>>> print(open('start.txt').read())   # compact mmCIF, C-alpha atoms and all ligand atoms
# COMPACT_ATOMS: atom_id res chain seq x y z
CA MET F 1 106.69 98.06 95.61
CA GLU F 2 109.01 95.09 95.35
CA ARG F 3 111.91 97.42 94.55
CA ALA F 4 111.20 99.01 97.94
CA GLY F 5 111.28 95.68 99.80
CA TYR F 6 107.58 94.81 99.92
CA ALA F 7 106.59 91.15 99.43
CA GLN F 8 103.20 90.01 98.21
CA VAL F 9 100.63 88.48 100.57
CA ILE F 10 97.37 86.93 99.45
CA PRO F 11 94.91 87.02 102.36
CA PRO F 12 91.64 85.06 102.19
CA ILE F 13 88.49 86.71 100.85
CA LEU F 14 86.47 85.25 103.72
CA GLU F 15 87.34 85.85 107.39
CA ASP F 16 85.71 85.50 110.79
CA ILE F 17 83.49 88.56 111.11
CA GLY F 18 85.30 89.56 114.32
CA VAL F 19 88.40 90.45 112.28
CA PHE F 20 86.48 93.23 110.56
CA HIS F 21 84.68 94.53 113.64
CA ARG F 22 88.06 96.01 114.59
CA VAL F 23 87.90 98.26 111.53
CA GLY F 24 85.40 100.37 113.45
CA GLU F 25 82.13 99.60 115.19
CA ALA F 26 80.89 103.09 114.34
CA THR F 27 81.66 103.04 110.64
CA ASP F 28 79.28 102.38 107.76
CA VAL F 29 81.71 99.78 106.42
CA VAL F 30 81.09 97.61 109.50
CA THR F 31 77.54 98.49 110.52
CA LYS F 32 75.82 98.64 107.16
CA GLU F 33 77.99 97.41 104.35
CA MET F 34 79.34 94.01 105.33
CA TYR F 35 78.41 90.91 103.36
CA ASP F 36 78.20 88.46 106.25
CA PHE F 37 76.58 85.09 106.80
CA VAL F 38 76.66 82.00 108.99
CA ASP F 39 78.44 79.11 107.27
CA LYS F 40 77.63 75.39 107.44
CA GLY F 41 79.79 75.05 110.56
CA ASP F 42 77.87 77.83 112.37
CA ARG F 43 80.72 80.31 111.99
CA HIS F 44 79.78 83.94 111.44
CA VAL F 45 81.98 84.99 108.51
CA ALA F 46 82.18 87.97 106.15
CA LEU F 47 83.53 88.79 102.71
CA ARG F 48 86.37 91.22 103.34
CA PRO F 49 85.45 94.91 102.95
CA GLU F 50 89.19 95.79 102.87
CA HIS F 51 92.59 94.11 103.36
CA THR F 52 94.21 95.90 106.31
CA ALA F 53 92.43 93.99 109.09
CA SER F 54 93.25 90.64 107.41
CA ILE F 55 96.95 91.56 107.10
CA CYS F 56 97.03 92.42 110.83
CA ARG F 57 95.22 89.16 111.66
CA ALA F 58 97.82 87.24 109.61
CA TYR F 59 100.63 89.12 111.39
CA VAL F 60 99.23 88.20 114.82
CA GLN F 61 98.82 84.59 113.77
CA HIS F 62 102.25 84.08 112.15
CA ARG F 63 104.41 86.69 113.93
CA PRO F 64 106.84 87.47 111.09
CA ALA F 65 109.94 89.61 111.80
CA THR F 66 109.45 93.38 111.67
CA PRO F 67 109.40 95.56 109.72
CA PHE F 68 106.75 93.45 108.03
CA LYS F 69 106.42 95.09 104.58
CA VAL F 70 103.79 93.65 102.27
CA TRP F 71 101.74 94.47 99.19
CA TYR F 72 98.44 93.00 98.04
CA ALA F 73 95.90 93.18 95.25
CA GLY F 74 92.42 91.73 95.14
CA PRO F 75 88.66 92.15 95.39
CA ASN F 76 86.73 93.60 98.34
CA PHE F 77 82.99 93.71 98.99
CA ARG F 78 80.86 96.50 100.46
CA TYR F 79 77.07 96.75 100.29
CA GLU F 80 77.05 100.32 99.00
CA LYS F 81 74.70 102.13 96.64
CA PRO F 82 76.28 101.33 93.27
CA GLN F 83 77.12 104.25 90.99
CA ARG F 84 80.03 105.33 88.80
CA GLY F 85 83.15 104.67 90.87
CA ARG F 86 81.30 102.95 93.73
CA TYR F 87 80.64 99.24 93.40
CA ARG F 88 79.68 96.34 95.62
CA GLN F 89 82.71 94.42 94.42
CA PHE F 90 85.82 96.45 93.74
CA ASP F 91 89.55 95.81 93.55
CA GLN F 92 92.30 97.38 95.60
CA VAL F 93 96.05 97.29 95.36
CA GLY F 94 97.80 98.35 98.53
CA ILE F 95 100.66 98.06 100.98
CA GLU F 96 101.02 97.74 104.75
CA VAL F 97 104.05 98.03 107.03
CA LEU F 98 103.95 96.80 110.62
CA GLY F 99 106.49 97.53 113.34
CA VAL F 100 107.92 100.99 112.49
CA ASP F 101 106.86 104.35 113.93
CA ASP F 102 109.37 106.55 112.06
CA PRO F 103 107.79 109.46 110.08
CA ASP F 104 110.26 108.68 107.26
CA LEU F 105 108.25 105.51 106.71
CA ASP F 106 105.08 107.59 106.31
CA VAL F 107 106.89 109.46 103.56
CA GLU F 108 108.06 106.21 101.91
CA VAL F 109 104.52 104.81 101.94
CA ILE F 110 102.90 107.99 100.61
CA ALA F 111 105.60 108.27 97.93
CA LEU F 112 104.94 104.71 96.72
CA GLY F 113 101.23 105.50 96.27
CA TRP F 114 102.07 108.75 94.51
CA GLU F 115 104.57 107.03 92.20
CA PHE F 116 102.08 104.27 91.41
CA LEU F 117 99.50 106.79 90.18
CA SER F 118 101.98 109.03 88.37
CA SER F 119 103.66 106.12 86.61
CA LEU F 120 100.29 105.35 85.01
CA GLY F 121 100.53 108.81 83.49
CA LEU F 122 97.81 110.42 85.63
CA LYS F 123 98.33 114.16 86.03
CA GLN F 124 95.15 115.28 87.78
CA VAL F 125 95.84 113.72 91.16
CA SER F 126 96.22 115.67 94.39
CA LEU F 127 97.64 114.39 97.62
CA LEU F 128 95.75 115.45 100.75
CA ILE F 129 97.31 114.84 104.16
CA ASN F 130 96.22 115.32 107.75
CA SER F 131 97.11 114.12 111.23
CA LEU F 132 94.58 112.59 113.59
CA GLY F 133 97.03 112.62 116.52
CA GLU F 134 97.04 110.10 119.37
CA SER F 135 93.77 108.72 120.68
CA SER F 136 93.69 111.03 123.74
CA GLU F 137 94.19 114.07 121.50
CA ARG F 138 91.52 112.80 119.16
CA THR F 139 89.12 112.28 122.08
CA ASP F 140 89.51 115.95 123.10
CA PHE F 141 89.04 117.03 119.50
CA ILE F 142 85.96 114.85 119.02
CA SER F 143 84.32 116.26 122.11
CA ALA F 144 85.00 119.86 120.95
CA LEU F 145 83.74 118.94 117.49
CA ASN F 146 80.66 117.30 118.94
CA SER F 147 79.71 120.40 120.99
CA TYR F 148 80.27 122.61 117.96
CA LEU F 149 78.18 120.42 115.64
CA GLU F 150 75.41 120.08 118.24
CA SER F 151 75.30 123.87 118.50
CA ARG F 152 74.87 124.09 114.70
CA ARG F 153 72.60 121.05 114.39
CA GLY F 154 69.77 123.04 112.79
CA ALA F 155 71.96 124.00 109.83
CA LEU F 156 73.05 120.41 109.04
CA SER F 157 71.49 118.06 106.50
CA GLN F 158 69.28 115.24 107.81
CA GLU F 159 71.97 112.67 106.86
CA SER F 160 74.65 114.55 108.79
CA ILE F 161 72.42 114.83 111.86
CA SER F 162 72.12 111.05 111.95
CA THR F 163 75.88 110.67 111.27
CA LEU F 164 76.54 113.07 114.16
CA GLU F 165 74.79 110.72 116.56
CA ARG F 166 76.94 107.77 115.50
CA ASN F 167 80.29 109.38 114.71
CA PRO F 168 80.81 113.19 114.71
CA LEU F 169 84.15 112.85 112.86
CA ARG F 170 82.38 111.50 109.81
CA VAL F 171 80.28 114.65 109.49
CA LEU F 172 83.49 116.39 108.33
CA ASP F 173 83.49 113.97 105.41
CA SER F 174 80.09 115.12 104.15
CA LYS F 175 80.15 116.37 100.57
CA ARG F 176 76.59 117.76 100.80
CA GLU F 177 76.26 121.43 99.86
CA GLN F 178 74.06 122.20 102.88
CA ASP F 179 76.76 121.04 105.36
CA GLN F 180 79.69 122.97 103.93
CA GLU F 181 79.30 126.21 105.86
CA VAL F 182 79.08 124.41 109.22
CA ILE F 183 82.07 122.21 108.32
CA LEU F 184 84.20 125.22 107.35
CA GLY F 185 83.78 126.73 110.83
CA ALA F 186 84.46 123.47 112.69
CA PRO F 187 87.40 123.08 115.12
CA LYS F 188 90.57 121.70 113.50
CA ILE F 189 92.33 118.61 114.80
CA VAL F 190 95.73 120.27 114.30
CA ASP F 191 94.90 122.60 117.21
CA PHE F 192 94.52 119.60 119.52
CA LEU F 193 97.81 117.85 118.67
CA GLY F 194 100.42 117.44 121.42
CA ASN F 195 104.13 118.09 120.81
CA ASP F 196 105.01 114.55 119.67
CA SER F 197 102.15 114.33 117.20
CA ARG F 198 102.89 117.80 115.88
CA ARG F 199 106.57 116.94 115.42
CA HIS F 200 105.70 113.68 113.65
CA PHE F 201 103.40 115.50 111.23
CA GLU F 202 106.01 118.22 110.56
CA ARG F 203 108.63 115.54 109.79
CA VAL F 204 106.25 113.93 107.29
CA GLN F 205 105.69 117.26 105.55
CA ALA F 206 109.41 118.04 105.52
CA GLY F 207 110.10 114.60 103.99
CA LEU F 208 107.54 115.13 101.23
CA ASP F 209 109.10 118.55 100.54
CA VAL F 210 112.58 117.02 100.23
CA ILE F 211 111.47 114.47 97.63
CA ARG F 212 109.28 117.06 95.93
CA ILE F 213 105.89 115.48 96.26
CA PRO F 214 103.24 118.21 96.27
CA TYR F 215 100.52 117.97 98.94
CA THR F 216 97.79 119.95 100.65
CA VAL F 217 97.10 119.76 104.38
CA GLU F 218 93.37 119.03 104.53
CA HIS F 219 92.06 119.45 108.07
CA ARG F 220 88.80 117.75 107.22
CA LEU F 221 90.40 114.54 106.03
CA VAL F 222 89.14 112.00 108.59
CA ARG F 223 88.86 108.81 106.49
CA GLY F 224 86.07 106.27 106.71
CA LEU F 225 87.56 103.66 109.03
CA ASP F 226 88.08 104.02 112.78
CA TYR F 227 91.56 102.59 113.19
CA TYR F 228 93.56 105.62 112.06
CA ARG F 229 95.95 107.72 114.17
CA GLN F 230 98.61 110.31 113.29
CA THR F 231 99.21 110.64 109.54
CA THR F 232 96.27 110.07 107.20
CA PHE F 233 96.24 110.77 103.46
CA GLU F 234 94.18 110.47 100.33
CA PHE F 235 94.91 110.64 96.61
CA SER F 236 92.13 112.59 95.03
CA GLY F 237 91.30 112.30 91.32
CA GLY F 238 90.54 115.64 89.67
CA THR F 239 88.30 114.20 86.96
CA LEU F 240 85.99 112.18 89.22
CA GLU F 241 82.79 113.28 90.95
CA SER F 242 83.48 114.58 94.43
CA ALA F 243 81.63 111.80 96.31
CA GLN F 244 83.78 109.17 94.58
CA ASN F 245 86.99 111.07 93.89
CA ALA F 246 89.29 109.22 96.29
CA LEU F 247 91.56 107.11 94.09
CA GLY F 248 93.13 105.72 97.22
CA GLY F 249 93.87 106.48 100.81
CA GLY F 250 95.49 105.30 103.96
CA GLY F 251 97.36 106.23 107.07
CA ARG F 252 98.77 105.06 110.38
CA TYR F 253 96.77 102.76 112.61
CA ASP F 254 97.62 102.02 116.20
CA SER F 255 95.49 99.51 118.03
CA LEU F 256 94.54 97.15 115.20
CA VAL F 257 97.21 94.51 115.89
CA GLU F 258 96.54 94.74 119.63
CA ASP F 259 92.79 94.48 119.15
CA LEU F 260 93.38 91.28 117.22
CA GLY F 261 95.34 89.79 120.10
CA GLY F 262 98.92 90.80 119.23
CA PRO F 263 101.47 93.07 120.92
CA ALA F 264 101.17 96.87 120.52
CA THR F 265 102.53 97.37 116.98
CA PRO F 266 102.46 100.52 114.86
CA GLY F 267 101.14 100.11 111.34
CA ILE F 268 100.76 102.18 108.20
CA GLY F 269 99.52 101.54 104.69
CA PHE F 270 97.24 102.56 101.89
CA ALA F 271 94.91 101.01 99.37
CA ILE F 272 94.33 102.32 95.87
CA GLY F 273 90.96 101.60 94.26
CA VAL F 274 91.70 99.92 90.95
CA ASP F 275 88.24 100.57 89.46
CA ARG F 276 88.34 104.32 90.15
CA THR F 277 91.94 104.53 88.98
CA LEU F 278 90.91 102.99 85.66
CA LEU F 279 88.05 105.51 85.36
CA ALA F 280 90.56 108.31 85.95
CA CYS F 281 92.87 106.77 83.32
CA ASP F 282 89.98 106.79 80.83
CA ASP F 283 89.08 110.39 81.74
CA GLU F 284 92.69 111.52 81.25
CA SER F 285 93.19 109.28 78.19
CA VAL F 286 96.27 107.65 79.63
CA PHE F 287 97.32 104.05 79.99
CA PRO F 288 95.17 102.81 77.10
CA ILE F 289 94.51 99.10 77.17
CA ASP F 290 96.06 97.46 74.11
CA LYS F 291 93.63 95.58 71.98
CA ARG F 292 95.23 92.18 71.64
CA VAL F 293 95.90 91.68 67.96
CA PRO F 294 97.05 88.24 66.77
CA GLU F 295 100.06 88.08 64.46
CA TYR F 296 98.37 85.50 62.21
CA PHE F 297 94.83 84.36 61.52
CA VAL F 298 94.45 80.84 60.17
CA ILE F 299 91.77 80.29 57.54
CA ASP F 300 90.94 76.62 56.95
CA THR F 301 88.30 75.73 54.38
CA THR F 302 88.79 71.98 54.81
CA GLY F 303 86.74 71.61 58.00
CA GLY F 304 88.96 73.03 60.70
CA SER F 305 91.31 70.23 61.71
CA GLU F 306 94.23 71.73 59.70
CA ALA F 307 93.68 75.01 61.58
CA LEU F 308 93.79 73.08 64.86
CA VAL F 309 97.22 71.64 64.02
CA VAL F 310 98.68 74.87 62.62
CA THR F 311 97.46 77.12 65.47
CA THR F 312 98.79 74.63 68.06
CA GLU F 313 102.19 74.45 66.34
CA LEU F 314 102.53 78.20 65.89
CA ARG F 315 101.39 79.06 69.43
CA GLY F 316 103.87 76.48 70.73
CA SER F 317 106.60 78.33 68.82
CA GLY F 318 105.71 81.66 70.39
CA PHE F 319 103.43 83.23 67.75
CA SER F 320 100.05 84.69 68.62
CA VAL F 321 97.47 83.08 66.38
CA ASP F 322 93.69 83.03 66.12
CA ARG F 323 91.19 81.19 63.90
CA SER F 324 87.47 80.75 63.17
CA PHE F 325 85.34 77.83 64.30
CA SER F 326 82.25 75.94 63.06
CA GLY F 327 83.44 75.35 59.46
CA ARG F 328 82.51 78.82 58.18
CA SER F 329 82.73 79.79 54.50
CA MET F 330 85.92 81.29 53.04
CA LYS F 331 84.20 84.68 52.85
CA SER F 332 83.08 84.66 56.44
CA GLN F 333 86.53 83.50 57.65
CA MET F 334 88.20 86.30 55.64
CA LYS F 335 85.87 88.80 57.38
CA ALA F 336 86.77 87.38 60.80
CA ALA F 337 90.47 87.59 59.92
CA ASP F 338 90.06 91.20 58.94
CA ARG F 339 88.15 92.05 62.12
CA SER F 340 90.84 90.41 64.26
CA GLY F 341 93.33 93.06 63.18
CA ALA F 342 95.94 90.39 62.31
CA PRO F 343 98.35 91.63 59.62
CA TYR F 344 98.51 88.22 57.89
CA ALA F 345 96.23 85.31 57.12
CA ILE F 346 97.49 81.76 56.70
CA ILE F 347 95.14 80.14 54.19
CA ILE F 348 94.65 76.37 53.91
CA GLY F 349 92.25 74.87 51.33
CA SER F 350 92.08 71.32 49.97
CA ASP F 351 94.70 72.03 47.22
CA GLU F 352 97.10 73.32 49.86
CA VAL F 353 96.59 70.18 51.96
CA VAL F 354 97.31 67.92 48.96
CA ASN F 355 100.44 69.92 47.99
CA GLU F 356 101.60 70.31 51.61
CA ILE F 357 101.74 74.10 51.36
CA VAL F 358 99.96 77.10 52.89
CA LEU F 359 99.28 80.58 51.50
CA LEU F 360 100.55 83.56 53.42
CA LYS F 361 98.44 86.58 52.60
CA SER F 362 98.87 90.12 53.82
CA LEU F 363 95.58 91.58 55.08
CA ARG F 364 96.83 95.14 55.37
CA THR F 365 99.14 95.78 52.38
CA ASP F 366 99.16 94.72 48.74
CA GLU F 367 102.38 92.71 48.98
CA PRO F 368 101.98 89.57 46.85
CA GLN F 369 100.63 86.40 48.40
CA GLU F 370 103.37 83.89 49.26
CA VAL F 371 103.35 80.11 48.91
CA VAL F 372 105.12 78.47 51.84
CA GLN F 373 105.96 74.79 52.28
CA ARG F 374 103.98 73.46 55.21
CA SER F 375 107.13 71.94 56.75
CA ALA F 376 108.99 75.28 56.43
CA LEU F 377 106.20 77.47 57.84
CA ILE F 378 107.69 78.16 61.27
CA THR F 379 111.15 78.89 59.83
CA ARG F 380 109.60 81.31 57.31
CA LEU F 381 107.56 83.12 60.00
CA ARG F 382 110.63 83.43 62.22
CA GLU F 383 112.54 84.98 59.28
CA LYS F 384 109.70 87.47 58.77
CA LYS F 385 109.88 88.47 62.44
CA LYS F 386 113.57 89.46 62.19
P1 LIG K 401 89.26 103.04 101.91
O1 LIG K 401 89.42 104.52 101.85
O2 LIG K 401 88.02 102.50 102.50
O3 LIG K 401 90.53 102.51 102.69
O4 LIG K 401 89.43 102.43 100.46
C1 LIG K 401 90.57 102.73 99.66
C2 LIG K 401 90.14 102.98 98.23
O5 LIG K 401 89.36 101.89 97.74
C3 LIG K 401 89.23 104.19 98.05
O6 LIG K 401 89.99 105.38 97.99
C4 LIG K 401 88.57 103.87 96.73
O7 LIG K 401 89.42 104.20 95.64
C5 LIG K 401 88.44 102.37 96.79
N1 LIG K 401 87.06 102.02 97.18
C6 LIG K 401 86.53 101.94 98.42
N2 LIG K 401 85.23 101.57 98.35
C7 LIG K 401 84.93 101.41 97.05
C8 LIG K 401 83.75 101.01 96.32
N3 LIG K 401 82.62 100.68 96.93
N4 LIG K 401 83.82 100.97 94.96
C9 LIG K 401 84.97 101.28 94.30
N5 LIG K 401 86.10 101.63 94.94
C10 LIG K 401 86.09 101.70 96.29
C11 LIG K 401 90.78 101.21 102.98
O8 LIG K 401 90.19 100.28 102.48
C12 LIG K 401 91.95 101.01 103.90
N6 LIG K 401 92.11 99.57 104.12
C13 LIG K 401 93.21 101.62 103.32
C14 LIG K 401 94.38 101.44 104.22
C15 LIG K 401 95.38 100.55 104.08
N7 LIG K 401 94.63 102.12 105.32
C16 LIG K 401 95.74 101.68 105.87
N8 LIG K 401 96.20 100.71 105.14
>>> encode(input="start.txt", output="structure tokens", more="lines below")
Ligand code: HAM
Amino acid sequence: MERAGYAQVIPPILEDIGVFHRVGEATDVVTKEMYDFVDKGDRHVALRPEHTASICRAYVQHRPATPFKVWYAGPNFRYEKPQRGRYRQFDQVGIEVLGVDDPDLDVEVIALGWEFLSSLGLKQVSLLINSLGESSERTDFISALNSYLESRRGALSQESISTLERNPLRVLDSKREQDQEVILGAPKIVDFLGNDSRRHFERVQAGLDVIRIPYTVEHRLVRGLDYYRQTTFEFSGGTLESAQNALGGGGRYDSLVEDLGGPATPGIGFAIGVDRTLLACDDESVFPIDKRVPEYFVIDTTGGSEALVVTTELRGSGFSVDRSFSGRSMKSQMKAADRSGAPYAIIIGSDEVVNEIVLLKSLRTDEPQEVVQRSALITRLREKKK
């Protein structure tokens, strides 16, 4: 992201609740899932459910030059029903750009998300894209969709009937088996796009073609937040369960900056869910997390203060070193050394202290144990590293 000119911002975890109301009064994220409370100064605040609204609030407050290109990473909070891939605290890493309406930027943003996931080694990721058009086009679409869904009400699940009353667009997002036939026959937003919106969407697709990023146009992709317009997209993980398979998503948003008191400013961005991405990495056996193995394990049978000095000295010289605590027996310290995975133990007993030496013992091979002068230990370990 930084190679593409994005600088890091660290927005606060807590904001005035009004900042998040702009995310969408009709969305679950705002109506049901916010962790909000009144603080000691009588302010109604909330833990952020996402970063985009905070970035726009910061933009309105500080008015940086445009294009304002930023990246962020941090925790978010939503009161959801916890299950694999859906948590009440989860991390996102994302980007936002304010001040540019060019479809080439949509392609740049989507490509950065795609590259992020592919550079982890993930193969089973698909990119879904859609356009939600301008708000007038969306209004026409929503009213056609509403009439259609009302006419098929009897065939919808109970959950979708109640979603329909609040936000007909979100019915398209239903993953319930019972709703699928109705959803398949629903009107498509693409048929409601005007010339400008259509051209914008075609330019985005042409750009993705040029840089060879594969995608599918998914007419049902509506996203869970209300602020979107024009291009929307999602990275879907092939190994995850369908209700939690979005590894990340984003799109253009129009009125967010204005709603927060700023000038009309186009915006676009995405957020990738770190927790789900790690689940996908596990499922695809990529990006394994290295077990941290120390280079040396210090065994001190004289009480522990020799180990304190030696570990401090060696760590200060750049070696990774671990030790036991609580004056354990030689046998128990040898076991701990073995478990640590360290290739060598540095052994210090009372004879070694008197003679100002240490023993360097390989824990993995049968190379002979070495006697090293205490004062020459760091030099000897540096030689071994070469
Ligand atoms: P979102 O689709 O709500 O979009 O969240 C983005 C990603 O965060 C999801 O695709 C998912 O991976 C992860 N995520 C969301 N909720 C949870 C949860 N409860 N547990 C685990 N992971 C979760 C946004 O948040 C927008 N702010 C994205 C954006 C940026 N749009 C424009 N700019």
>>> residues_near_point(input="start.txt", point="(73.4, 122.8, 110.2)", cutoff="12 Å", atoms="only C-alpha atoms", output="NGL selection string")
:F and (148-162 or 164 or 171 or 174 or 176-186)
>>> residues_around(input="start.txt", residues="Glu258 (chain F)", least_positions_apart="6", cutoff="10 Å", atoms="all atoms listed in the file", output="PyMOL selection string")
chain F and resi 22+56-57+60+264-266
>>> closest_atom_pairs(input="start.txt", of="chain F", to="ligand LIG 401 (chain K)", cutoff="8 Å", atoms="all atoms listed in the file", output="tab-separated table")
residue	atom	partner	partner_atom	distance
F:Val29	CA	K:LIG401	O2	7.9
F:Pro49	CA	K:LIG401	O8	7.2
F:Glu50	CA	K:LIG401	O8	4.6
F:His51	CA	K:LIG401	N6	5.5
F:Thr52	CA	K:LIG401	N6	4.8
F:Ala53	CA	K:LIG401	N6	7.5
F:Phe77	CA	K:LIG401	N3	7.3
F:Arg78	CA	K:LIG401	N3	5.7
F:Tyr79	CA	K:LIG401	N3	7.6
F:Glu80	CA	K:LIG401	N3	6.0
F:Pro82	CA	K:LIG401	N3	7.3
F:Gly85	CA	K:LIG401	C9	5.2
F:Arg86	CA	K:LIG401	N4	3.4
F:Tyr87	CA	K:LIG401	N4	3.9
F:Arg88	CA	K:LIG401	N3	5.4
F:Gln89	CA	K:LIG401	N4	6.7
F:Phe90	CA	K:LIG401	C9	4.9
F:Asp91	CA	K:LIG401	N5	6.9
F:Gln92	CA	K:LIG401	O5	5.8
F:Gly94	CA	K:LIG401	C15	6.4
F:Ile95	CA	K:LIG401	C15	6.6
F:Glu96	CA	K:LIG401	N8	5.7
F:Arg223	CA	K:LIG401	O1	6.3
F:Gly224	CA	K:LIG401	O2	6.0
F:Leu225	CA	K:LIG401	O2	6.6
F:Tyr228	CA	K:LIG401	C16	7.7
F:Glu234	CA	K:LIG401	O6	7.0
F:Phe235	CA	K:LIG401	O6	7.3
F:Gln244	CA	K:LIG401	C4	7.5
F:Asn245	CA	K:LIG401	O7	7.5
F:Ala246	CA	K:LIG401	O6	4.3
F:Leu247	CA	K:LIG401	O7	3.9
F:Gly248	CA	K:LIG401	O6	3.3
F:Gly249	CA	K:LIG401	O6	4.9
F:Gly250	CA	K:LIG401	N7	3.6
F:Gly251	CA	K:LIG401	C16	5.0
F:Arg252	CA	K:LIG401	C16	6.4
F:Tyr253	CA	K:LIG401	C16	6.9
F:Gly267	CA	K:LIG401	C16	7.8
F:Ile268	CA	K:LIG401	C16	5.6
F:Gly269	CA	K:LIG401	N8	3.5
F:Phe270	CA	K:LIG401	C15	3.5
F:Ala271	CA	K:LIG401	C13	4.3
F:Ile272	CA	K:LIG401	C2	4.9
F:Gly273	CA	K:LIG401	O7	3.3
F:Val274	CA	K:LIG401	O7	6.7
F:Asp275	CA	K:LIG401	C9	5.9
F:Arg276	CA	K:LIG401	O7	5.6
F:Thr277	CA	K:LIG401	O7	7.1
>>> residues_around(input="start.txt", residues="region 295-298 of chain F", least_positions_apart="6", cutoff="9 Å", atoms="all atoms listed in the file", output="VMD selection string")
chain F and resid 307 310 to 311 319 to 324 333 336 to 338 340 to 348
>>> residues_around(input="start.txt", residues="Leu260 (chain F)", least_positions_apart="3", cutoff="10 Å", atoms="all atoms listed in the file", output="list in words")
Gly18, Val19, Phe20, His21, Arg22, Ala53, Ser54, Cys56, Arg57, Ala58, Tyr59, Val60, Gln61, Ser255, Leu256, Val257 and Pro263 of chain F
>>> closest_residue(input="start.txt", among="F:Arg48, F:Lys81, F:His200, F:Lys335", to="Arg229 (chain F)", atoms="only C-alpha atoms")
F:His200
>>> residues_near_point(input="start.txt", point="(81.7, 67.7, 60.2)", cutoff="12 Å", atoms="all atoms listed in the file", output="list in words")
Thr301, Thr302, Gly303, Gly304, Ser305, Phe325, Ser326, Gly327 and Arg328 of chain F
>>> residues_around(input="start.txt", residues="Phe201 (chain F)", least_positions_apart="4", cutoff="10 Å", atoms="only C-alpha atoms", output="PyMOL selection string")
chain F and resi 103+106+129-133+190+193+195-197+205-207+230-232
>>> closest_residue(input="start.txt", among="F:Leu221, F:Val372, F:Leu240, F:Val358", to="Gln124 (chain F)", atoms="all atoms listed in the file")
F:Leu240
>>> closest_residue(input="start.txt", among="F:Ser118, F:Asp226, F:Thr239, F:Thr379", to="Glu25 (chain F)", atoms="only C-alpha atoms")
F:Asp226
>>> atom_distance(input="start.txt", atom1="CA of Tyr6 (chain F)", atom2="CA of Trp71 (chain F)")
5.9 Å
>>> atom_distance(input="start.txt", atom1="CA of Thr312 (chain F)", atom2="CA of Val353 (chain F)")
16.8 Å
>>> closest_residue(input="start.txt", among="F:Gly318, F:Ser147, F:Arg84, F:Thr139", to="Ser242 (chain F)", atoms="only C-alpha atoms")
F:Arg84
>>> closest_residue(input="start.txt", among="F:Asp16, F:Val109, F:Ser285, F:Thr27", to="Leu169 (chain F)", atoms="all atoms listed in the file")
F:Thr27
>>> atom_distance(input="start.txt", atom1="CA of Val222 (chain F)", atom2="CA of Ile189 (chain F)")
9.6 Å
>>> closest_residue(input="start.txt", among="F:Asp191, F:Leu314, F:Lys331, F:Phe287", to="Arg382 (chain F)", atoms="all atoms listed in the file")
F:Leu314
>>> decode(input="start.txt", residues="region 68-79 of chain F", atoms="N, CA and C atoms", output="PDB file, in the first residue's frame")
ATOM      1  N   PHE F  68      -6.575  12.107  -0.944  1.00  0.00           N
ATOM      2  CA  PHE F  68      -6.200  11.696   0.410  1.00  0.00           C
ATOM      3  C   PHE F  68      -6.170  10.163   0.379  1.00  0.00           C
ATOM      4  N   LYS F  69      -4.960   9.591   0.366  1.00  0.00           N
ATOM      5  CA  LYS F  69      -4.821   8.127   0.223  1.00  0.00           C
ATOM      6  C   LYS F  69      -4.263   7.559   1.519  1.00  0.00           C
ATOM      7  N   VAL F  70      -5.049   6.732   2.186  1.00  0.00           N
ATOM      8  CA  VAL F  70      -4.602   6.224   3.491  1.00  0.00           C
ATOM      9  C   VAL F  70      -4.846   4.724   3.624  1.00  0.00           C
ATOM     10  N   TRP F  71      -4.070   4.110   4.513  1.00  0.00           N
ATOM     11  CA  TRP F  71      -4.335   2.716   4.904  1.00  0.00           C
ATOM     12  C   TRP F  71      -4.451   2.640   6.416  1.00  0.00           C
ATOM     13  N   TYR F  72      -5.094   1.593   6.894  1.00  0.00           N
ATOM     14  CA  TYR F  72      -5.298   1.434   8.336  1.00  0.00           C
ATOM     15  C   TYR F  72      -5.370  -0.041   8.693  1.00  0.00           C
ATOM     16  N   ALA F  73      -5.151  -0.329   9.958  1.00  0.00           N
ATOM     17  CA  ALA F  73      -5.314  -1.694  10.460  1.00  0.00           C
ATOM     18  C   ALA F  73      -5.704  -1.591  11.921  1.00  0.00           C
ATOM     19  N   GLY F  74      -6.692  -2.368  12.332  1.00  0.00           N
ATOM     20  CA  GLY F  74      -7.071  -2.305  13.736  1.00  0.00           C
ATOM     21  C   GLY F  74      -8.371  -3.019  14.013  1.00  0.00           C
ATOM     22  N   PRO F  75      -8.725  -3.089  15.312  1.00  0.00           N
ATOM     23  CA  PRO F  75      -9.931  -3.812  15.722  1.00  0.00           C
ATOM     24  C   PRO F  75     -11.217  -3.034  15.506  1.00  0.00           C
ATOM     25  N   ASN F  76     -12.301  -3.764  15.276  1.00  0.00           N
ATOM     26  CA  ASN F  76     -13.650  -3.210  15.144  1.00  0.00           C
ATOM     27  C   ASN F  76     -14.572  -4.069  16.003  1.00  0.00           C
ATOM     28  N   PHE F  77     -15.741  -3.547  16.319  1.00  0.00           N
ATOM     29  CA  PHE F  77     -16.647  -4.241  17.241  1.00  0.00           C
ATOM     30  C   PHE F  77     -18.063  -4.256  16.678  1.00  0.00           C
ATOM     31  N   ARG F  78     -18.640  -5.442  16.577  1.00  0.00           N
ATOM     32  CA  ARG F  78     -20.043  -5.558  16.150  1.00  0.00           C
ATOM     33  C   ARG F  78     -20.702  -6.629  17.007  1.00  0.00           C
ATOM     34  N   TYR F  79     -21.897  -6.312  17.522  1.00  0.00           N
ATOM     35  CA  TYR F  79     -22.595  -7.279  18.372  1.00  0.00           C
ATOM     36  C   TYR F  79     -23.306  -8.277  17.470  1.00  0.00           C
TER      37      TYR F  79
END
